[in-house]
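Take a look at the structure set out below.
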Amino acid sequence: MNMCPRCGKTHKPEDRFCGFCGCNVTVQNMSNFVTKPAMKLSDIQFDLAILYFKEEKYAESVEVFQKLLKEHPDNLQVIDMLQRAQVALGELR
Ligand SMILES: [Zn+2]
């Protein structure tokens with residue numbers, strides 16, 4: 001079963017367009033971008049921020065975590081990782 005990258009609805013492997021939002025799903029099928037079912041945008045952003053952190057791109061990491069924090073001001077994981085990224089960024093300067 002394949003997943004629409006835009007709305008997260010499942011569709012048949014032979015479908016070229018999502019029946020729910022009309023999104024072209026053939027592009028997504030060729031990549032491994034969407035690996036988790038029903039992934040929310042914030043999850044993708046969180047993974048991205050973690051990736052930046054691991055690659056020592058702390059400025060980029062802080063930027064993404066700050067965006068996430070606006071959406072989820074009470075998410076302790078985001079707050080914790082933002083602080084770590086800011087500390088790491090400060091140590092580079
Ligand atoms: Zn869709």
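So you can find residues: chains in the structure tokens are A, B, ... in the order shown, residues in each start at 1, and ligands are numbered from 1 in order.
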
Report task. Tell me which protein, DNA and RNA residues are within 10 Å of Glu60 of chain A, counting only C-alpha atoms, leaving out same-chain ones fewer than 5 positions away, and put them as a list in words. Result ->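 Counting only the stated atoms, we get Leu48, Ala49, Leu51, Tyr52, Phe53, Phe65, Gln66, Ala85 and Leu89 of chain A.
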
Query raised in the report: Counting only C-alpha atoms and all ligand atoms, which protein, DNA or RNA residues come within 7 Å of ligand 1, given as a count of residues only?
Result: 12

Report task. Find the residues around Glu14 of chain A up to 10 Å (only C-alpha atoms counted), leave out those fewer than 2 positions away in its own chain, and share them as a ChimeraX atom specification. Result -> /A:1-2,11-12,16-17,25-26

Please dump the current selection as a short mmCIF file (atom, residue, chain, number, x, y, z; two decimals), in the first residue's frame; keep N, CA, C and O atoms.
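The resulting file, again.cif, is reproduced below:
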```cif
data_model
loop_
_atom_site.label_atom_id
_atom_site.label_comp_id
_atom_site.auth_asym_id
_atom_site.auth_seq_id
_atom_site.Cartn_x
_atom_site.Cartn_y
_atom_site.Cartn_z
N MET A 1 0.84 -1.21 0.00
CA MET A 1 0.00 0.00 0.00
C MET A 1 0.87 1.25 0.00
O MET A 1 1.83 1.33 0.75
N ASN A 2 0.54 2.19 -0.87
CA ASN A 2 1.31 3.42 -0.94
C ASN A 2 0.60 4.56 -0.21
O ASN A 2 -0.59 4.53 -0.02
N HIS A 11 -3.33 4.66 -1.17
CA HIS A 11 -3.87 4.45 -2.51
C HIS A 11 -3.21 3.23 -3.12
O HIS A 11 -2.19 2.74 -2.62
N LYS A 12 -3.76 2.75 -4.24
CA LYS A 12 -3.22 1.56 -4.88
C LYS A 12 -1.88 1.87 -5.55
O LYS A 12 -1.66 2.99 -6.01
N ARG A 16 -1.71 6.88 -10.22
CA ARG A 16 -0.73 7.92 -10.50
C ARG A 16 -1.05 9.21 -9.76
O ARG A 16 -0.18 10.03 -9.52
N PHE A 17 -2.34 9.37 -9.40
CA PHE A 17 -2.73 10.56 -8.66
C PHE A 17 -3.54 10.15 -7.43
O PHE A 17 -4.30 9.19 -7.48
N VAL A 25 1.30 11.10 -7.18
CA VAL A 25 1.97 10.19 -6.23
C VAL A 25 3.10 9.39 -6.88
O VAL A 25 3.81 8.67 -6.20
N THR A 26 3.28 9.53 -8.19
CA THR A 26 4.33 8.75 -8.85
C THR A 26 5.72 9.24 -8.46
O THR A 26 6.65 8.47 -8.34
#
```

**Report entry** Picked from chain A by DSSP as strand (DSSP E), as a VMD selection string
**Finding:** chain A and resid 2 to 3 10 to 11

Convert the current residue selection to file output with N, CA and C atoms, as an mmCIF file, in the first residue's frame.
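File result12.cif, as written:
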```cif
data_model
loop_
_atom_site.group_PDB
_atom_site.id
_atom_site.type_symbol
_atom_site.label_atom_id
_atom_site.label_comp_id
_atom_site.auth_asym_id
_atom_site.auth_seq_id
_atom_site.Cartn_x
_atom_site.Cartn_y
_atom_site.Cartn_z
ATOM 1 N N ASN A 2 0.539 2.186 -0.865
ATOM 2 C CA ASN A 2 1.311 3.419 -0.939
ATOM 3 C C ASN A 2 0.602 4.556 -0.209
ATOM 4 N N MET A 3 1.364 5.558 0.137
ATOM 5 C CA MET A 3 0.866 6.674 0.933
ATOM 6 C C MET A 3 1.006 7.979 0.148
ATOM 7 N N THR A 10 -3.979 6.383 1.913
ATOM 8 C CA THR A 10 -3.399 5.278 1.153
ATOM 9 C C THR A 10 -4.066 5.171 -0.214
ATOM 10 N N HIS A 11 -3.326 4.659 -1.172
ATOM 11 C CA HIS A 11 -3.872 4.449 -2.515
ATOM 12 C C HIS A 11 -3.206 3.226 -3.122
#
```

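Comparing the minimum interatomic distances between Glu56 of chain A and each of A:Leu76, A:Ile44, A:Val87, A:Leu69, counting only C-alpha atoms, we find that A:Val87 sits nearest.
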
Query - Nearby residues (only C-alpha atoms) at most 12 Å from Leu68 of chain A, same-chain spacing under 2 positions excluded, as number ranges by chain - result: A: 40-50, 61-66, 70-79, 81-82

DSSP-assigned helix (DSSP H, G or I) among segment 15-88 of chain A, expressed as an mmCIF file with N, CA and C atoms, in the first residue's frame:
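Ended up saving to part05.cif:
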```cif
data_model
loop_
_atom_site.group_PDB
_atom_site.id
_atom_site.type_symbol
_atom_site.label_atom_id
_atom_site.label_comp_id
_atom_site.auth_asym_id
_atom_site.auth_seq_id
_atom_site.Cartn_x
_atom_site.Cartn_y
_atom_site.Cartn_z
ATOM 1 N N THR A 26 3.278 9.528 -8.187
ATOM 2 C CA THR A 26 4.330 8.750 -8.854
ATOM 3 C C THR A 26 5.717 9.243 -8.456
ATOM 4 N N VAL A 27 5.845 10.538 -8.221
ATOM 5 C CA VAL A 27 7.136 11.107 -7.825
ATOM 6 C C VAL A 27 7.544 10.539 -6.470
ATOM 7 N N GLN A 28 6.576 10.525 -5.568
ATOM 8 C CA GLN A 28 6.836 10.047 -4.212
ATOM 9 C C GLN A 28 7.228 8.569 -4.209
ATOM 10 N N ASN A 29 6.617 7.788 -5.119
ATOM 11 C CA ASN A 29 6.902 6.352 -5.152
ATOM 12 C C ASN A 29 8.356 6.051 -5.509
ATOM 13 N N MET A 30 8.970 6.974 -6.235
ATOM 14 C CA MET A 30 10.346 6.750 -6.656
ATOM 15 C C MET A 30 11.353 7.114 -5.570
ATOM 16 N N LEU A 41 3.761 16.867 9.169
ATOM 17 C CA LEU A 41 4.809 17.798 8.745
ATOM 18 C C LEU A 41 5.768 18.085 9.888
ATOM 19 N N SER A 42 5.236 18.231 11.079
ATOM 20 C CA SER A 42 6.091 18.556 12.218
ATOM 21 C C SER A 42 7.075 17.427 12.519
ATOM 22 N N ASP A 43 6.656 16.182 12.262
ATOM 23 C CA ASP A 43 7.560 15.049 12.473
ATOM 24 C C ASP A 43 8.713 15.092 11.487
ATOM 25 N N ILE A 44 8.378 15.444 10.241
ATOM 26 C CA ILE A 44 9.413 15.552 9.212
ATOM 27 C C ILE A 44 10.398 16.646 9.603
ATOM 28 N N GLN A 45 9.858 17.759 10.071
ATOM 29 C CA GLN A 45 10.709 18.876 10.474
ATOM 30 C C GLN A 45 11.573 18.504 11.669
ATOM 31 N N PHE A 46 11.004 17.741 12.583
ATOM 32 C CA PHE A 46 11.764 17.326 13.759
ATOM 33 C C PHE A 46 12.928 16.426 13.339
ATOM 34 N N ASP A 47 12.629 15.465 12.458
ATOM 35 C CA ASP A 47 13.683 14.571 11.957
ATOM 36 C C ASP A 47 14.777 15.372 11.251
ATOM 37 N N LEU A 48 14.344 16.383 10.498
ATOM 38 C CA LEU A 48 15.288 17.231 9.774
ATOM 39 C C LEU A 48 16.187 17.986 10.750
ATOM 40 N N ALA A 49 15.572 18.533 11.775
ATOM 41 C CA ALA A 49 16.331 19.287 12.779
ATOM 42 C C ALA A 49 17.334 18.385 13.494
ATOM 43 N N ILE A 50 16.919 17.150 13.788
ATOM 44 C CA ILE A 50 17.809 16.175 14.416
ATOM 45 C C ILE A 50 18.980 15.854 13.484
ATOM 46 N N LEU A 51 18.643 15.703 12.196
ATOM 47 C CA LEU A 51 19.668 15.405 11.189
ATOM 48 C C LEU A 51 20.696 16.538 11.122
ATOM 49 N N TYR A 52 20.213 17.774 11.091
ATOM 50 C CA TYR A 52 21.108 18.934 11.087
ATOM 51 C C TYR A 52 22.001 18.907 12.325
ATOM 52 N N PHE A 53 21.401 18.593 13.455
ATOM 53 C CA PHE A 53 22.141 18.562 14.725
ATOM 54 C C PHE A 53 23.261 17.533 14.649
ATOM 55 N N LYS A 54 22.921 16.342 14.138
ATOM 56 C CA LYS A 54 23.905 15.260 14.039
ATOM 57 C C LYS A 54 25.041 15.617 13.082
ATOM 58 N N TYR A 58 24.412 23.396 13.321
ATOM 59 C CA TYR A 58 23.622 23.840 14.471
ATOM 60 C C TYR A 58 22.732 25.036 14.149
ATOM 61 N N ALA A 59 23.202 25.952 13.305
ATOM 62 C CA ALA A 59 22.382 27.122 12.956
ATOM 63 C C ALA A 59 21.087 26.688 12.281
ATOM 64 N N GLU A 60 21.198 25.755 11.321
ATOM 65 C CA GLU A 60 20.023 25.238 10.628
ATOM 66 C C GLU A 60 19.120 24.490 11.600
ATOM 67 N N SER A 61 19.744 23.718 12.474
ATOM 68 C CA SER A 61 19.007 22.932 13.464
ATOM 69 C C SER A 61 18.190 23.843 14.387
ATOM 70 N N VAL A 62 18.832 24.894 14.888
ATOM 71 C CA VAL A 62 18.153 25.845 15.778
ATOM 72 C C VAL A 62 16.964 26.478 15.063
ATOM 73 N N GLU A 63 17.172 26.838 13.807
ATOM 74 C CA GLU A 63 16.118 27.476 13.017
ATOM 75 C C GLU A 63 14.877 26.587 12.922
ATOM 76 N N VAL A 64 15.087 25.295 12.614
ATOM 77 C CA VAL A 64 13.964 24.371 12.465
ATOM 78 C C VAL A 64 13.303 24.110 13.818
ATOM 79 N N PHE A 65 14.122 23.955 14.855
ATOM 80 C CA PHE A 65 13.546 23.711 16.193
ATOM 81 C C PHE A 65 12.723 24.910 16.651
ATOM 82 N N GLN A 66 13.162 26.128 16.303
ATOM 83 C CA GLN A 66 12.407 27.316 16.702
ATOM 84 C C GLN A 66 11.059 27.371 15.996
ATOM 85 N N LYS A 67 11.035 26.948 14.717
ATOM 86 C CA LYS A 67 9.759 26.873 13.992
ATOM 87 C C LYS A 67 8.835 25.863 14.655
ATOM 88 N N LEU A 68 9.415 24.706 15.009
ATOM 89 C CA LEU A 68 8.628 23.648 15.659
ATOM 90 C C LEU A 68 8.079 24.119 17.001
ATOM 91 N N LEU A 69 8.888 24.889 17.703
ATOM 92 C CA LEU A 69 8.492 25.349 19.036
ATOM 93 C C LEU A 69 7.291 26.302 18.956
ATOM 94 N N LYS A 70 7.206 27.074 17.865
ATOM 95 C CA LYS A 70 6.048 27.965 17.679
ATOM 96 C C LYS A 70 4.774 27.146 17.521
ATOM 97 N N GLU A 71 4.894 25.999 16.830
ATOM 98 C CA GLU A 71 3.735 25.134 16.626
ATOM 99 C C GLU A 71 3.418 24.305 17.865
ATOM 100 N N LEU A 76 8.277 19.148 25.208
ATOM 101 C CA LEU A 76 9.535 19.123 25.973
ATOM 102 C C LEU A 76 10.711 18.631 25.132
ATOM 103 N N GLN A 77 10.432 17.706 24.222
ATOM 104 C CA GLN A 77 11.486 17.171 23.365
ATOM 105 C C GLN A 77 12.063 18.275 22.472
ATOM 106 N N VAL A 78 11.162 19.095 21.937
ATOM 107 C CA VAL A 78 11.589 20.203 21.074
ATOM 108 C C VAL A 78 12.377 21.230 21.897
ATOM 109 N N ILE A 79 11.845 21.573 23.088
ATOM 110 C CA ILE A 79 12.513 22.545 23.954
ATOM 111 C C ILE A 79 13.920 22.059 24.307
ATOM 112 N N ASP A 80 14.026 20.789 24.675
ATOM 113 C CA ASP A 80 15.300 20.197 25.076
ATOM 114 C C ASP A 80 16.302 20.225 23.927
ATOM 115 N N MET A 81 15.845 19.804 22.738
ATOM 116 C CA MET A 81 16.748 19.744 21.591
ATOM 117 C C MET A 81 17.141 21.143 21.113
ATOM 118 N N LEU A 82 16.210 22.090 21.202
ATOM 119 C CA LEU A 82 16.527 23.478 20.827
ATOM 120 C C LEU A 82 17.634 24.024 21.731
ATOM 121 N N GLN A 83 17.510 23.755 23.021
ATOM 122 C CA GLN A 83 18.531 24.227 23.961
ATOM 123 C C GLN A 83 19.889 23.607 23.657
ATOM 124 N N ARG A 84 19.884 22.292 23.374
ATOM 125 C CA ARG A 84 21.148 21.611 23.042
ATOM 126 C C ARG A 84 21.787 22.202 21.793
ATOM 127 N N ALA A 85 20.941 22.450 20.787
ATOM 128 C CA ALA A 85 21.449 22.993 19.516
ATOM 129 C C ALA A 85 21.988 24.409 19.729
ATOM 130 N N GLN A 86 21.286 25.193 20.577
ATOM 131 C CA GLN A 86 21.744 26.562 20.844
ATOM 132 C C GLN A 86 23.065 26.566 21.602
ATOM 133 N N VAL A 87 23.206 25.648 22.552
ATOM 134 C CA VAL A 87 24.469 25.529 23.306
ATOM 135 C C VAL A 87 25.598 25.145 22.365
ATOM 136 N N ALA A 88 25.317 24.135 21.497
ATOM 137 C CA ALA A 88 26.326 23.666 20.540
ATOM 138 C C ALA A 88 26.722 24.774 19.580
#
```
